[in-house]
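The structure under discussion appears below in the form of structure tokens.
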Amino acid sequence: MQPLSRARLASQRRWFIWGGFALLLLVAPLVFSSSLSITVLSQIGIAIIACLSYNMLLGQGGMLSFGHAVYSGFGSFLAIHALNLVSAGKLFMPVSLVPLLGGLAGLLIAALLGFVSTKKAGTTFAMITLGVGELAYSLALMVPEFFGGEGGISGNRVVGKPFLGISFGPPRQVYYLIAAYTLICVAAMYAFTLTPLGRMLNAVRDNSERVEFLGYDSRRIRYLTFMAAGFFAGIAGGLAALNFEVVTAEVVSASRSGAYLLFTFVGGTTYFFGPIIGAVLMVLAVVLFSGLTKAWLLYLGLIFMLMVLFAPGGIASLIMMNARVASSGRLRELLPRYLALAFATCALLGGTSVLIEMIYHTQLDGMGEELRFLQMSWDTRNPWHWFAGLATACVGAALFEWARRSAARQWASIQEAMERGTTTPGARE
């Protein structure tokens, strides 16, 4: 009876999570109803599919790819061409199914290129994907007949008469189409992790030689996964083509592939929901943060370095580790350390950002000597302002290291107590 109760509880928990996710997608544009918010929400849905498809390679299969944008990019180009054919009356299909053609393009390109690249693993595989990505970007500029050259290809998603009032002209209608694809694709990729292929992929990631000894072909497992990831990436590209109605060579560039890698890692590759967090951060960084400062790429690089050094498991790993501590009733012991760590981090980032912004300000022509940053005025000619930024950064760095070591000692103590099975009286109750 007890195993049955646990199974029922797990089933109810899954229904609660997926129901909450669907409800969140449904009500998000009602809460954030401005045109900018709906545009950001649409891009987040596309990014979720793209980052989760990339994590099928990196997190689940241990395949570090530097060219994942090739498959989402080719999906975008085929989708925009299909959209133009539909507009011209040469192709008869609903606009809502155009992203599936993008998925088919991603699948075919992944089948072609993956046949070669998945023959190798590790560093060799990564270098092959890097070369493939550069080749695709060069090809996009050399064949303007298909890729449109530097200007790209534009289209119009409003085709024919509206069906039940749906024309996909208003951004809200496009968002709900993207939300539907996001829900279906996320559920499909999660189901993939539970299949025998998904389980064997994890085994290949951990120990491919042992998988070979068991009689499985690790190269075939990587190849099938590579094609599946290409299919979902192509769907993301097709949705992006519908959303923006223009596709340029940038969609297959190394910077796009690097963004998938960076934010999937920051979100966390060891948990399924990690890339979802990374996708949200990616869109917020590109759409919102890039408008606040010209040095936003430098900040992203610094954040990535900090994550690699102090949280290699990503944000999802931090959440799950602390959730385990919270379930034992001992999270409150860490709260003072976390507050000190947050204060030190703010001081470190604040002082560092002041120095970065002042340096950037001095390099820009016609900007004057005054800089408005963090609700304060900074004079690049005043050495005391430079000293204030440097001193804040140094004090923040010292406080950060002290708080980090204090939190690490307390964390180790709590983990040791949890391993011995001791909990607080409140937790036992």
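By convention in this document, the chains of the structure tokens carry letters A, B, ... by their order, each chain's residues are numbered from 1, and ligands are numbered from 1 in the order they are shown.
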Extract, using only C-alpha atoms, all DNA, RNA and protein residues at most 12 Å from Val186 in chain A, discarding same-chain residues fewer than 4 positions from it, and format them as a PDB file with N, CA and C atoms, in the first residue's frame.
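And here is the file that came out, result-v4.pdb:
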ATOM      1  N   TRP A  18       3.079  20.175 -14.290  1.00  0.00           N
ATOM      2  CA  TRP A  18       2.755  20.440 -15.691  1.00  0.00           C
ATOM      3  C   TRP A  18       1.524  21.337 -15.811  1.00  0.00           C
ATOM      4  N   PHE A  21       2.712  24.810 -15.127  1.00  0.00           N
ATOM      5  CA  PHE A  21       3.467  25.335 -16.266  1.00  0.00           C
ATOM      6  C   PHE A  21       2.525  25.797 -17.376  1.00  0.00           C
ATOM      7  N   ALA A  22       1.513  24.976 -17.677  1.00  0.00           N
ATOM      8  CA  ALA A  22       0.536  25.354 -18.704  1.00  0.00           C
ATOM      9  C   ALA A  22      -0.245  26.599 -18.289  1.00  0.00           C
ATOM     10  N   GLY A  45       9.612  31.873 -24.872  1.00  0.00           N
ATOM     11  CA  GLY A  45       9.116  30.566 -25.294  1.00  0.00           C
ATOM     12  C   GLY A  45      10.000  29.928 -26.345  1.00  0.00           C
ATOM     13  N   ILE A  46      10.439  30.712 -27.323  1.00  0.00           N
ATOM     14  CA  ILE A  46      11.339  30.196 -28.355  1.00  0.00           C
ATOM     15  C   ILE A  46      12.669  29.767 -27.746  1.00  0.00           C
ATOM     16  N   ALA A  47      13.203  30.590 -26.849  1.00  0.00           N
ATOM     17  CA  ALA A  47      14.497  30.284 -26.226  1.00  0.00           C
ATOM     18  C   ALA A  47      14.424  29.035 -25.357  1.00  0.00           C
ATOM     19  N   ILE A  48      13.286  28.788 -24.713  1.00  0.00           N
ATOM     20  CA  ILE A  48      13.138  27.588 -23.888  1.00  0.00           C
ATOM     21  C   ILE A  48      13.296  26.330 -24.741  1.00  0.00           C
ATOM     22  N   ILE A  49      12.637  26.312 -25.896  1.00  0.00           N
ATOM     23  CA  ILE A  49      12.758  25.147 -26.783  1.00  0.00           C
ATOM     24  C   ILE A  49      14.198  24.990 -27.254  1.00  0.00           C
ATOM     25  N   ALA A  50      14.839  26.103 -27.647  1.00  0.00           N
ATOM     26  CA  ALA A  50      16.203  26.031 -28.171  1.00  0.00           C
ATOM     27  C   ALA A  50      17.191  25.559 -27.101  1.00  0.00           C
ATOM     28  N   CYS A  51      17.098  26.108 -25.889  1.00  0.00           N
ATOM     29  CA  CYS A  51      18.044  25.733 -24.826  1.00  0.00           C
ATOM     30  C   CYS A  51      17.822  24.296 -24.354  1.00  0.00           C
ATOM     31  N   LEU A  52      16.576  23.868 -24.271  1.00  0.00           N
ATOM     32  CA  LEU A  52      16.315  22.476 -23.885  1.00  0.00           C
ATOM     33  C   LEU A  52      16.818  21.511 -24.947  1.00  0.00           C
ATOM     34  N   SER A  53      16.667  21.882 -26.218  1.00  0.00           N
ATOM     35  CA  SER A  53      17.194  21.012 -27.276  1.00  0.00           C
ATOM     36  C   SER A  53      18.715  20.945 -27.205  1.00  0.00           C
ATOM     37  N   ASN A  55      20.438  21.219 -24.474  1.00  0.00           N
ATOM     38  CA  ASN A  55      20.796  20.428 -23.300  1.00  0.00           C
ATOM     39  C   ASN A  55      20.639  18.934 -23.544  1.00  0.00           C
ATOM     40  N   MET A  56      19.864  18.538 -24.550  1.00  0.00           N
ATOM     41  CA  MET A  56      19.834  17.121 -24.929  1.00  0.00           C
ATOM     42  C   MET A  56      21.227  16.648 -25.323  1.00  0.00           C
ATOM     43  N   ILE A 178       3.173  30.229 -29.983  1.00  0.00           N
ATOM     44  CA  ILE A 178       4.486  29.858 -29.446  1.00  0.00           C
ATOM     45  C   ILE A 178       4.335  29.120 -28.122  1.00  0.00           C
ATOM     46  N   ALA A 179       3.404  29.573 -27.279  1.00  0.00           N
ATOM     47  CA  ALA A 179       3.180  28.914 -25.991  1.00  0.00           C
ATOM     48  C   ALA A 179       2.716  27.476 -26.177  1.00  0.00           C
ATOM     49  N   ALA A 180       1.838  27.245 -27.167  1.00  0.00           N
ATOM     50  CA  ALA A 180       1.367  25.880 -27.424  1.00  0.00           C
ATOM     51  C   ALA A 180       2.522  24.993 -27.872  1.00  0.00           C
ATOM     52  N   TYR A 181       3.345  25.491 -28.779  1.00  0.00           N
ATOM     53  CA  TYR A 181       4.512  24.725 -29.222  1.00  0.00           C
ATOM     54  C   TYR A 181       5.481  24.507 -28.066  1.00  0.00           C
ATOM     55  N   THR A 182       5.641  25.518 -27.218  1.00  0.00           N
ATOM     56  CA  THR A 182       6.560  25.382 -26.087  1.00  0.00           C
ATOM     57  C   THR A 182       6.111  24.282 -25.147  1.00  0.00           C
ATOM     58  N   TYR A 190      10.944  16.170 -22.262  1.00  0.00           N
ATOM     59  CA  TYR A 190      10.989  15.521 -20.952  1.00  0.00           C
ATOM     60  C   TYR A 190      10.684  14.027 -21.091  1.00  0.00           C
ATOM     61  N   ALA A 191       9.707  13.697 -21.943  1.00  0.00           N
ATOM     62  CA  ALA A 191       9.397  12.287 -22.173  1.00  0.00           C
ATOM     63  C   ALA A 191      10.596  11.554 -22.773  1.00  0.00           C
ATOM     64  N   PHE A 192      11.375  12.262 -23.591  1.00  0.00           N
ATOM     65  CA  PHE A 192      12.578  11.651 -24.176  1.00  0.00           C
ATOM     66  C   PHE A 192      13.550  11.198 -23.089  1.00  0.00           C
ATOM     67  N   THR A 193      13.657  11.979 -22.013  1.00  0.00           N
ATOM     68  CA  THR A 193      14.587  11.610 -20.941  1.00  0.00           C
ATOM     69  C   THR A 193      14.167  10.323 -20.230  1.00  0.00           C
ATOM     70  N   ALA A 229      17.639  16.473 -31.228  1.00  0.00           N
ATOM     71  CA  ALA A 229      17.941  17.843 -30.805  1.00  0.00           C
ATOM     72  C   ALA A 229      17.836  18.807 -31.977  1.00  0.00           C
ATOM     73  N   PHE A 232      14.023  19.665 -32.630  1.00  0.00           N
ATOM     74  CA  PHE A 232      13.442  20.650 -31.721  1.00  0.00           C
ATOM     75  C   PHE A 232      14.067  22.028 -31.920  1.00  0.00           C
ATOM     76  N   ALA A 233      15.371  22.070 -32.225  1.00  0.00           N
ATOM     77  CA  ALA A 233      16.002  23.356 -32.512  1.00  0.00           C
ATOM     78  C   ALA A 233      15.393  23.980 -33.767  1.00  0.00           C
ATOM     79  N   ILE A 235      12.324  23.590 -34.809  1.00  0.00           N
ATOM     80  CA  ILE A 235      11.014  24.145 -34.430  1.00  0.00           C
ATOM     81  C   ILE A 235      11.186  25.515 -33.792  1.00  0.00           C
ATOM     82  N   ALA A 236      12.174  25.656 -32.923  1.00  0.00           N
ATOM     83  CA  ALA A 236      12.439  26.966 -32.320  1.00  0.00           C
ATOM     84  C   ALA A 236      12.774  27.997 -33.387  1.00  0.00           C
ATOM     85  N   PHE A 272      16.527  19.054 -15.537  1.00  0.00           N
ATOM     86  CA  PHE A 272      15.768  19.325 -16.753  1.00  0.00           C
ATOM     87  C   PHE A 272      15.321  20.780 -16.821  1.00  0.00           C
ATOM     88  N   PHE A 273      14.935  21.374 -15.685  1.00  0.00           N
ATOM     89  CA  PHE A 273      14.423  22.737 -15.709  1.00  0.00           C
ATOM     90  C   PHE A 273      15.523  23.784 -15.742  1.00  0.00           C
ATOM     91  N   PRO A 275      17.871  24.552 -18.147  1.00  0.00           N
ATOM     92  CA  PRO A 275      17.879  25.362 -19.375  1.00  0.00           C
ATOM     93  C   PRO A 275      16.696  26.312 -19.491  1.00  0.00           C
ATOM     94  N   ILE A 276      15.574  25.996 -18.842  1.00  0.00           N
ATOM     95  CA  ILE A 276      14.437  26.922 -18.860  1.00  0.00           C
ATOM     96  C   ILE A 276      14.813  28.212 -18.140  1.00  0.00           C
TER      97      ILE A 276
END
Task: Residue nearest Arg404 in chain A - candidates A:Val159, A:Leu341, A:Leu288, A:Met358, atoms counted: only C-alpha atoms - done: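 The answer is A:Leu341, which sits nearest to Arg404 in chain A.
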- [ ] Report as a PyMOL selection string: the residues of range 108-234 of chain A with a DSSP assignment of alpha helix (DSSP H), based on the backbone of this structure.
- [x] chain A and resi 108-117+122-142+144-147+171-194+196-206+208-213+218-234
Task: Contact residues around range 68-83 of chain A with only C-alpha atoms at 7 Å, ignoring same-chain residues under 5 positions, as a count of residues only - done: 30
Open item on the list: Would you pick out the contacts of Phe213 in chain A at 12 Å or less, using only C-alpha atoms, so that residues sharing its chain but fewer than 6 positions from it are not included, and give the list as a ChimeraX atom specification?
Closed with: /A:203-204,207
Open item on the list: Calculated over only C-alpha atoms, which of the candidates A:Thr39, A:Ser353, A:Gln415, A:Thr270 has the smallest distance to Asn322 in chain A?
Closed with: A:Gln415
